[in-house]
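J.: Here it is, the structure, as structure tokens.
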Amino acid sequence: MNNRKLCPATLTLSLVLALVITGCGGITAPTPAPSTQANASKFMYAALLGPDGVGALRINGDGSLSPLPGAPFAAPPSPASIVGNSRFIFVAGFGSVDDQGFCCQNPTIATYKQDPGTGSLTQVASIGDALLDPTRGVTMDPTGRFLYAGNRNGRGGLDVFAVAEDGHLTQVGSFDSRLVALSGPVFNPTGRFLYASTGSTQLGVRGIYRFEIDPESGLPVDQQEIDTPAIFGLRLSPDGRFLLASEESLPGFQLCSFRLNPMTGLPQMETVGVFHQPAPVACIPAGSSPVHIAFHTDERFVALAQFGVGGGALPGGVVAYRFDDGNFVPVPNPSFLASQDAGTVTFSADGKFLFVSGDPGTSSLMNVFAFDQDTGALAPVSGSPFSVGNAMGVLLR
């Protein structure tokens, strides 16, 4: 049996969609720790499938984007995830393609230092990881001391790396590989809890796992299963009070919110027959293929990016909701927002703009919208959409 997988550069639209919705690192990458963000985002960096590299653009005062000199910068082959702490930017790549057109040979995580004035990136370190799979997610703890990267060990887990003062990474351990298809890791703001979804375990269960993390080692000291079908596109509210995820249902997906106990990091439970299941605060229709969730900086709004494949309650594009104590209220917006398939969705640090990339399998464009922080209304900025490359993941600095 040939177990090698196709290089992402050769993926069809349907395969890219499957990759994205099951936890693509770039698509589900969590919001960077607050220490990595200024009051207003100055630069945008993107892990690009095409052209292969790290895209870099200046974010102008009106939200428009201007490419930086020298960009895109060299990156590990087929970069798919990008995260950062207050000092460095990390890009995970699948690796090179062999002579038969299959990847992944020598998957790598590269470390970059950013010039705060020009935005230029200089690579300062790299580490190979034979089992690295950035589609399963790459994230950092809020202190920026540890990096967590998806792997293919036992069909899915997380490798844990300590971040040195010079940006070099050293692997210090890994998560239980028996959790099959582990993906979408996100931290709560205190760094105490890490959440990741799993498509199945050895017992065939689909759900979310909450890991309690030792702050000194970066490794889990306790894990608890949250038995829920809402496992796609995990996102925590900036204050850590709510967990959002999508679940597959008829006639499409639905987006659910769960209120978390701050002491345990677990949602409240309800009894269903003889089982205890997490009780969502609310669930709403979320279209045929939701792929990315973003919280506004003041937590009053949520944006949802989605593909428009097949039927479902909503077309492709981006939808905004007012978020009120775990409940969703749709924000009326023009129909043009649903005219194309979306990939990543990211709010600027000051909350004034929303950046929406296209499907990374087919689009090199980035739509930029001015965001009304009172009403949630979206309006395209002058010159939008901008050509940025086929973005698998986006990081604002």
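Numbering starts fresh at 1 for the residues of each chain in the structure tokens, the chains themselves are lettered A, B, ... in the order given, and ligands are numbered from 1 as they appear.
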Name the residues of region 168-349 of chain A that come out as strand (DSSP E or B) in a backbone DSSP run; write them as number ranges by chain.
T.: A: 169-174, 180-187, 193-200, 207-213, 220-226, 232-236, 242-248, 253-260, 267, 269-272, 275-278, 282-285, 289-295, 301-307, 317-324, 327-330, 342-347
J.: Please list as a VMD selection string every residue within 10 Å of Phe355 (chain A), counting only C-alpha atoms and excluding residues in the same chain fewer than 4 positions away.
T.: chain A and resid 44 63 344 to 348 366 to 371 385 394
J.: Take the residues from that selection and write them out as a tab-separated table (two decimals), in the first residue's frame, keeping N, CA and C atoms.
T.:
```
chain	number	residue	atom	x	y	z
A	44	MET	N	1.13	42.18	7.89
A	44	MET	CA	0.46	40.90	7.70
A	44	MET	C	1.47	39.93	7.11
A	63	GLY	N	-6.48	50.40	5.99
A	63	GLY	CA	-6.74	48.98	5.86
A	63	GLY	C	-6.21	48.36	4.59
A	344	THR	N	-9.33	32.06	5.39
A	344	THR	CA	-9.08	32.56	6.73
A	344	THR	C	-9.84	33.85	6.96
A	345	VAL	N	-10.14	34.13	8.21
A	345	VAL	CA	-10.80	35.39	8.59
A	345	VAL	C	-10.11	35.89	9.85
A	346	THR	N	-9.67	37.17	9.83
A	346	THR	CA	-8.83	37.70	10.90
A	346	THR	C	-9.18	39.16	11.15
A	347	PHE	N	-9.45	39.52	12.41
A	347	PHE	CA	-9.65	40.91	12.78
A	347	PHE	C	-8.30	41.58	13.06
A	348	SER	N	-8.19	42.86	12.69
A	348	SER	CA	-7.00	43.62	13.07
A	348	SER	C	-7.00	43.80	14.58
A	366	MET	N	-7.05	38.66	-1.11
A	366	MET	CA	-7.43	38.96	0.27
A	366	MET	C	-8.41	40.12	0.25
A	367	ASN	N	-9.63	39.88	0.72
A	367	ASN	CA	-10.61	40.95	0.86
A	367	ASN	C	-10.41	41.65	2.20
A	368	VAL	N	-10.47	42.97	2.20
A	368	VAL	CA	-10.33	43.74	3.43
A	368	VAL	C	-11.60	44.58	3.61
A	369	PHE	N	-12.20	44.48	4.80
A	369	PHE	CA	-13.43	45.20	5.09
A	369	PHE	C	-13.22	46.13	6.29
A	370	ALA	N	-13.76	47.33	6.17
A	370	ALA	CA	-13.86	48.20	7.35
A	370	ALA	C	-14.96	47.65	8.23
A	371	PHE	N	-14.70	47.58	9.53
A	371	PHE	CA	-15.65	46.97	10.45
A	371	PHE	C	-16.22	48.02	11.39
A	385	PRO	N	-10.37	43.54	-3.56
A	385	PRO	CA	-9.41	42.66	-2.88
A	385	PRO	C	-7.98	42.91	-3.35
A	394	VAL	N	-2.58	33.12	8.38
A	394	VAL	CA	-2.30	34.55	8.44
A	394	VAL	C	-1.92	34.93	9.87
```
J.: For Val221 (chain A), list every protein, DNA or RNA residue within 8 Å, evaluated using only C-alpha atoms, and leave out those in the same chain fewer than 2 positions away; present the list as a PyMOL selection string.
T.: chain A and resi 211-214+219+223
J.: Grab the residues selected above and save them as an mmCIF file, in the first residue's frame with C-alpha atoms.
T.:
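Result file follows (part17.cif):
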```cif
data_model
loop_
_atom_site.group_PDB
_atom_site.id
_atom_site.type_symbol
_atom_site.label_atom_id
_atom_site.label_comp_id
_atom_site.auth_asym_id
_atom_site.auth_seq_id
_atom_site.Cartn_x
_atom_site.Cartn_y
_atom_site.Cartn_z
ATOM 1 C CA PHE A 211 -5.500 19.199 28.514
ATOM 2 C CA GLU A 212 -4.228 20.813 31.706
ATOM 3 C CA ILE A 213 -0.698 22.041 30.994
ATOM 4 C CA ASP A 214 2.231 22.189 33.415
ATOM 5 C CA LEU A 219 3.459 19.060 28.908
ATOM 6 C CA GLN A 223 -6.762 15.325 30.148
#
```
J.: Hey, what's within 12 Å of Val331 (chain A) if we count only C-alpha atoms and toss same-chain stuff fewer than 2 positions away? As a list in words, please?
T.: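 Final neighbour list, sorted by chain and number: Arg300, Phe301, Val302, Ala303, Leu304, Val318, Val319, Ala320, Tyr321, Arg322, Phe323, Phe328, Val329, Asn333, Pro334, Ser335, Leu337, Phe371, Asp372, Gln373, Asp374, Thr375, Gly376, Ala377 and Leu378 of chain A.
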J.: Got time to write the residues from that selection, C-alpha atoms, as a CSV table (one decimal), in the first residue's frame?
T.:
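Contents of result_31.csv, freshly written:
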```csv
chain,number,residue,atom,x,y,z
A,300,ARG,CA,-18.9,41.4,21.1
A,301,PHE,CA,-18.7,40.0,17.5
A,302,VAL,CA,-17.8,36.8,15.8
A,303,ALA,CA,-16.9,36.4,12.1
A,304,LEU,CA,-17.3,33.0,10.3
A,318,VAL,CA,-18.1,35.6,5.4
A,319,VAL,CA,-20.9,36.1,8.0
A,320,ALA,CA,-20.8,38.3,11.1
A,321,TYR,CA,-22.7,37.7,14.3
A,322,ARG,CA,-23.2,39.7,17.5
A,323,PHE,CA,-22.0,37.6,20.4
A,328,PHE,CA,-25.4,34.5,18.3
A,329,VAL,CA,-27.4,37.3,16.6
A,333,ASN,CA,-24.7,42.7,5.7
A,334,PRO,CA,-24.7,43.1,1.9
A,335,SER,CA,-25.2,40.0,-0.2
A,337,LEU,CA,-20.1,39.1,1.2
A,371,PHE,CA,-15.7,47.0,10.5
A,372,ASP,CA,-18.2,49.1,12.3
A,373,GLN,CA,-17.5,48.3,15.9
A,374,ASP,CA,-21.0,49.4,17.0
A,375,THR,CA,-23.2,47.6,14.5
A,376,GLY,CA,-20.9,44.9,13.0
A,377,ALA,CA,-21.5,46.2,9.5
A,378,LEU,CA,-18.8,45.4,6.9
```
J.: Quick one: everything within 9 Å of Gly358 (chain A), counting only C-alpha atoms, minus sequence neighbours fewer than 5 positions away in the same chain. Send it as a ChimeraX atom specification.
T.: /A:317,340-344,363-367,390-391
J.: Save the residues we just selected, C-alpha atoms, as an mmCIF file, in the first residue's frame?
T.:
```
data_model
loop_
_atom_site.group_PDB
_atom_site.id
_atom_site.type_symbol
_atom_site.label_atom_id
_atom_site.label_comp_id
_atom_site.auth_asym_id
_atom_site.auth_seq_id
_atom_site.Cartn_x
_atom_site.Cartn_y
_atom_site.Cartn_z
ATOM 1 C CA GLY A 317 -18.311 33.878 2.064
ATOM 2 C CA GLN A 340 -17.045 33.790 -2.948
ATOM 3 C CA ASP A 341 -15.475 30.984 -0.969
ATOM 4 C CA ALA A 342 -13.519 32.188 2.054
ATOM 5 C CA GLY A 343 -10.482 30.675 3.747
ATOM 6 C CA THR A 344 -9.075 32.556 6.729
ATOM 7 C CA SER A 363 -7.547 32.107 -4.827
ATOM 8 C CA SER A 364 -4.599 34.459 -4.239
ATOM 9 C CA LEU A 365 -6.822 37.350 -3.129
ATOM 10 C CA MET A 366 -7.427 38.961 0.267
ATOM 11 C CA ASN A 367 -10.610 40.954 0.858
ATOM 12 C CA ASN A 390 -2.651 31.511 -1.760
ATOM 13 C CA ALA A 391 -2.769 31.910 2.011
#
```
J.: Hey, what's within 8 Å of Met269 (chain A) if we count only C-alpha atoms and toss same-chain stuff fewer than 3 positions away? As a ChimeraX atom specification, please?
T.: /A:276-279
J.: Take the residues from that selection and write them out as a tab-separated table (two decimals), in the first residue's frame, keeping N, CA and C atoms.
T.:
```tsv
chain	number	residue	atom	x	y	z
A	276	HIS	N	-23.94	11.68	29.97
A	276	HIS	CA	-23.76	13.09	30.31
A	276	HIS	C	-23.04	13.76	29.15
A	277	GLN	N	-23.65	14.78	28.58
A	277	GLN	CA	-23.09	15.46	27.42
A	277	GLN	C	-22.99	16.96	27.70
A	278	PRO	N	-22.01	17.62	27.06
A	278	PRO	CA	-21.89	19.06	27.26
A	278	PRO	C	-23.10	19.80	26.71
A	279	ALA	N	-23.56	20.79	27.45
A	279	ALA	CA	-24.75	21.54	27.05
A	279	ALA	C	-24.32	22.85	26.40
```
J.: Work out how far apart CA of Gly61 (chain A) and CA of Tyr112 (chain A) are and give it in Å to one decimal.
T.: 25.2 Å
J.: Find the residue from A:Ala110, A:Ala47, A:Ala286, A:Leu179 that sits nearest to Pro72 (chain A); use only C-alpha atoms when measuring.
T.: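 The answer is A:Ala47, which sits nearest to Pro72 (chain A).
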J.: What lies within 7 Å of Gln171 (chain A) using only C-alpha atoms, ignoring chain neighbours under 6 positions off, as a ChimeraX atom specification?
T.: /A:160-162
J.: If I take CA of Ile59 (chain A) and CA of Ser41 (chain A), how far is one from the other in Å, to one decimal?
T.: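 Those two atoms sit 6.8 Å apart.
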J.: So which one's closest to Phe386 (chain A), A:Gly70, A:Gln306, A:Leu57, A:Pro142? Using only C-alpha atoms, please.
T.: A:Leu57
J.: Can you tell me how far CA of Gly199 (chain A) sits from CA of Gly95 (chain A), in Å to one decimal?
T.: 24.4 Å
J.: Which residue out of A:Ser387, A:Thr139, A:Glu165, A:Arg178 has the minimum interatomic distance to Asn153 (chain A) when only C-alpha atoms are used?
T.: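 Smallest distance to Asn153 (chain A) is found for A:Arg178.
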J.: Rank A:Leu48, A:Ala181, A:Ala71, A:Ile231 by their smallest atom-to-atom distance to Asp133 (chain A), using only C-alpha atoms, and report the top residue only.
T.: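 For Asp133 (chain A), the nearest of the candidates is A:Ala181.
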J.: When you count only C-alpha atoms, which of these residues is closest to Gly167 (chain A): A:Pro280, A:Pro107, A:Gly137, A:Gly84?
T.: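 Closest to Gly167 (chain A), using only C-alpha atoms: A:Gly84.
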